[in-house]
Amino acid sequence: MYCERCGQPIQENEPVCRFCGAQNNYYKPPTDPRKKKIVLLLVIFLGVVILTIGAILGWNALSKKQDKEDPSSSSVEESSSVPLVQDSSSQISSEPEKEDPETSEVKPGADESSAAPEEESSQPEESASSIGEQVTETSDSKAEQESESSAAQESEEESSSYPAIDMTDIVSTTESSYLKESDLHYPASSTIDGDPATGWSEDVSGYGEGEWIVLSFDGTYIISGLRIATGLQTDSDRYFNNARPRQILLTFSDGSEITADLEDRMGYQNIEFEQPVASNNLKVTISAVYRGSKYEDTLISEIELY
Ligand SMILES: [Ca+2]
């Protein structure tokens, strides 16, 4: 470009001709670089805002379209409010010992369905199948509980259908060993003869821990407890001269066991069971003894079942 007055070459950003001082009619002031930067940032910001709005609108439109196309997504939300699912989580929490890795996943799954409904509707098929599994597991655990409770009921009915034990129901006795001294015998049958002056004495070396007697019945009866007279209760001298059981193990025909600790005194001691037991025999084993001051023979004079 040239000066209109003197014809010398001039630049666009020169306000006047540097040769003649005439005004440059084509003068364009240089743009501020800071303004350029601000404009650029504004453009970028606006672009980001427009893109974000567009993405949100597009996502909502897509979600609505899928909702209309697939009715199962709405049934998922309904399923999540089905009481069965809530039942399953409460049942699980009330029975921690039954909890296994599969059922323990039920609770978090139910939480997710209520906390993130949008995510669920975007994956309707997967969510629906997981709800289906929950319902199936719930019905399984309910069936288990029902069968358990019915088994417990049957067991109770079975127990209550047997009569209470009476001493006349004992038809035979056996023992692991018994003492015979000339004409004096100390068999297990002496524990049920109603005479405290006679009794069963084991006949092994030592104090007879592990020796036992069995009282057999003519059927199955309910035993609620027993009264026992330990040692030989003829008199105080014979009582303390011989050994007395300090602890006995009671074993029933179903294999269940009760351990009973005994006092070291003459007379009857009462052992009442926490739960009555149905059995067709009773095994009494010497677990521990109070030592005799003269002899190593451990005796039981009387046992009464009730
Ligand atoms: Ca006796």
# chains A, B, ... in the order shown; residues from 1 in each chain; ligands from 1

call {"tool": "residues_near_ligand", "arguments": {"ligand": "ligand 1", "cutoff": "9 Å", "atoms": "only C-alpha atoms and all ligand atoms", "output": "ChimeraX atom specification"}}
result
/A:186,188-200,229,232-233,300-303

call {"tool": "write_last_selection", "arguments": {"atoms": "N, CA and C atoms", "output": "compact mmCIF listing (two decimals), in the first residue's frame"}}
result
# COMPACT_ATOMS: atom_id res chain seq x y z
N TYR A 186 -21.93 -107.33 93.35
CA TYR A 186 -22.32 -105.92 93.18
C TYR A 186 -22.64 -105.63 91.71
N ALA A 188 -25.00 -104.39 88.25
CA ALA A 188 -25.74 -103.17 87.91
C ALA A 188 -27.19 -103.24 88.38
N SER A 189 -27.75 -104.45 88.45
CA SER A 189 -29.16 -104.59 88.85
C SER A 189 -29.38 -104.08 90.27
N SER A 190 -28.29 -104.01 91.09
CA SER A 190 -28.43 -103.52 92.46
C SER A 190 -28.73 -102.01 92.52
N THR A 191 -28.56 -101.32 91.37
CA THR A 191 -28.85 -99.87 91.37
C THR A 191 -30.35 -99.59 91.22
N ILE A 192 -31.14 -100.62 90.89
CA ILE A 192 -32.58 -100.37 90.68
C ILE A 192 -33.43 -101.28 91.58
N ASP A 193 -32.81 -101.74 92.69
CA ASP A 193 -33.58 -102.64 93.58
C ASP A 193 -34.24 -101.87 94.71
N GLY A 194 -34.09 -100.56 94.73
CA GLY A 194 -34.76 -99.76 95.77
C GLY A 194 -34.07 -99.84 97.12
N ASP A 195 -32.92 -100.52 97.20
CA ASP A 195 -32.22 -100.68 98.49
C ASP A 195 -30.90 -99.90 98.46
N PRO A 196 -30.77 -98.82 99.25
CA PRO A 196 -29.53 -98.03 99.24
C PRO A 196 -28.34 -98.79 99.83
N ALA A 197 -28.58 -99.90 100.53
CA ALA A 197 -27.49 -100.66 101.13
C ALA A 197 -26.82 -101.59 100.14
N THR A 198 -27.39 -101.71 98.93
CA THR A 198 -26.76 -102.52 97.88
C THR A 198 -26.43 -101.61 96.70
N GLY A 199 -25.43 -102.01 95.90
CA GLY A 199 -25.08 -101.15 94.77
C GLY A 199 -24.22 -101.85 93.73
N TRP A 200 -23.96 -101.13 92.64
CA TRP A 200 -23.06 -101.65 91.60
C TRP A 200 -21.65 -101.16 91.92
N ALA A 229 -28.02 -92.16 94.09
CA ALA A 229 -27.32 -92.27 95.37
C ALA A 229 -25.95 -92.88 95.06
N LEU A 232 -21.41 -96.59 98.32
CA LEU A 232 -22.16 -97.65 99.00
C LEU A 232 -22.77 -97.03 100.25
N GLN A 233 -24.13 -96.91 100.26
CA GLN A 233 -24.79 -96.08 101.27
C GLN A 233 -25.24 -96.90 102.49
N ILE A 300 -22.21 -97.18 92.83
CA ILE A 300 -23.47 -96.42 92.76
C ILE A 300 -24.52 -97.30 93.42
N SER A 301 -25.19 -96.78 94.45
CA SER A 301 -26.16 -97.59 95.19
C SER A 301 -27.53 -97.63 94.52
N GLU A 302 -28.00 -96.47 94.04
CA GLU A 302 -29.36 -96.40 93.49
C GLU A 302 -29.46 -95.38 92.35
N ILE A 303 -30.30 -95.73 91.37
CA ILE A 303 -30.66 -94.78 90.31
C ILE A 303 -32.17 -94.86 90.11

call {"tool": "residues_around", "arguments": {"residues": "stretch 249-255 of chain A", "least_positions_apart": "4", "cutoff": "10 Å", "atoms": "only C-alpha atoms", "output": "list in words"}}
result
Gly210, Trp212, Val214, Ser216, Thr220, Ile223, Thr259, Ala260, Asp261, Val277, Ala278, Ser279, Asn280, Asn281, Leu282, Lys283, Val284, Thr285, Ile286, Ser287 and Ala288 of chain A

call {"tool": "atom_distance", "arguments": {"atom1": "atom CA of A:Ser256", "atom2": "atom CA of A:Asp297"}}
result
27.9 Å

call {"tool": "closest_residue", "arguments": {"among": "A:Leu305, A:Val289, A:Ile248, A:Ile228", "to": "A:Asn270", "atoms": "only C-alpha atoms"}}
result
A:Ile228

call {"tool": "atom_distance", "arguments": {"atom1": "atom CA of A:Ser161", "atom2": "atom CA of A:Gln269"}}
result
28.5 Å

call {"tool": "select_by_dssp", "arguments": {"residues": "stretch 166-275 of chain A", "states": "strand (DSSP E or B)", "output": "VMD selection string"}}
result
chain A and resid 170 to 175 179 to 181 184 to 186 200 to 201 212 to 230 243 to 252 257 to 261 268 to 275

call {"tool": "closest_residue", "arguments": {"among": "A:Tyr306, A:Tyr162, A:Tyr290, A:Tyr178", "to": "A:Pro245", "atoms": "only C-alpha atoms"}}
result
A:Tyr290

call {"tool": "closest_residue", "arguments": {"among": "A:Glu12, A:Glu209, A:Glu272, A:Asp169", "to": "A:Arg227", "atoms": "only C-alpha atoms"}}
result
A:Glu272

call {"tool": "atom_distance", "arguments": {"atom1": "atom CA of A:Pro163", "atom2": "atom CA of A:Gly219"}}
result
9.5 Å
